[in-house]
Structures are given as structure tokens and as C-alpha cells.
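Right, one structure below, let's go through it.
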Amino acid sequence: MMTFQPFWEMMRQRNITTYMLEHEYHFNKSVIYRLKHNSNVTLDTVEKICSVFHCKVEDVILYVEQEEEVQP
């Protein structure tokens with residue numbers, strides 16, 4: 001599973017709110033929603049985040065391996 005936890009941690013460290021993402025950095029509300037809910041975003045979105053915040057991809061997204069469910 002992919003998670004945007006590193007992105008939100010970076011935002012907390014920089015004191016950037018979702019309001020600021022929308023109004024100062026011009027991110028679309030639907031993109032913010034998808035980031036908040038670990039939903040799919042395009043690589044263009046990840047690239048924009050890295051460009052705007054001068055960070056690496058690893059600062060935005062993290063892969064977390066899920067355990068497989070065992071069927072009885």
C-alpha cells in the first residue's frame with residue numbers, strides 16, 4: 001500500500017495547512033482529498049509537490065507492505 005504519511009509529516013514540520021496547500025500553493029481540493037485518503041494521484045502531482053516544496057519523492061510517498069489475508 002502507498003501512503004502519503006511522509007508528505008503530511010513534512011507539512012507539519014513546515015507548518016503548512018491544507019488551506020495553504022489550496023490557496024497559496026494552488027493545489028486542487030480533489031488532489032488534497034486524495035492525498036489525505038492515500039488514494040491514487042498521478043506522477044505529475046508527485047512531481048509538482050517535489051518541485052514546490054523542494055523535496056524528494058521519498059519525502060512524499062512511502063510503500064508499506066501489507067500482510068496477506070489467509071483464507072480458511
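For the C-alpha cells, the naming scheme is as follows: chains receive sequential letters (A, B, ...) according to their order of presentation, residues are indexed from 1 within each chain, and ligands are indexed from 1 in presentation order.
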
Checklist entry - Residues at most 7 Å from segment 38-43 of chain A, counting only C-alpha atoms, excluding those fewer than 4 positions away in the same chain, as a VMD selection string? => result chain A and resid 2 to 4 34 47

Checklist entry - Can you tell me, as a list in words, what residues are no more than 7 Å from Val64 of chain A when counting only C-alpha atoms, ignoring any on the same chain fewer than 2 positions away? => result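 Residues near the query, excluding close chain neighbours: Met1, Met2, Leu62 and Gln66 of chain A.
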
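Checking A:Lys48, A:His54, A:His23, A:Lys29 one by one against Met10 of chain A, counting only C-alpha atoms, you find the shortest gap at A:His54.
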
Item to check | Residue list (strand (DSSP E), DSSP) for chain A, as a ChimeraX atom specification | outcome: /A:2-3,62-63

Deliver the residues from the most recent selection as a file, using N, CA and C atoms, as a CSV table (one decimal), in the first residue's frame.
chain,number,residue,atom,x,y,z
A,2,MET,N,0.5,2.2,-0.7
A,2,MET,CA,1.2,3.5,-0.7
A,2,MET,C,0.5,4.4,0.3
A,3,THR,N,1.4,5.2,1.0
A,3,THR,CA,0.9,6.1,2.0
A,3,THR,C,1.6,7.5,1.8
A,62,LEU,N,5.4,6.7,0.6
A,62,LEU,CA,6.1,5.6,1.2
A,62,LEU,C,5.3,4.3,0.9
A,63,TYR,N,6.0,3.3,0.5
A,63,TYR,CA,5.4,2.0,0.3
A,63,TYR,C,5.4,1.2,1.6
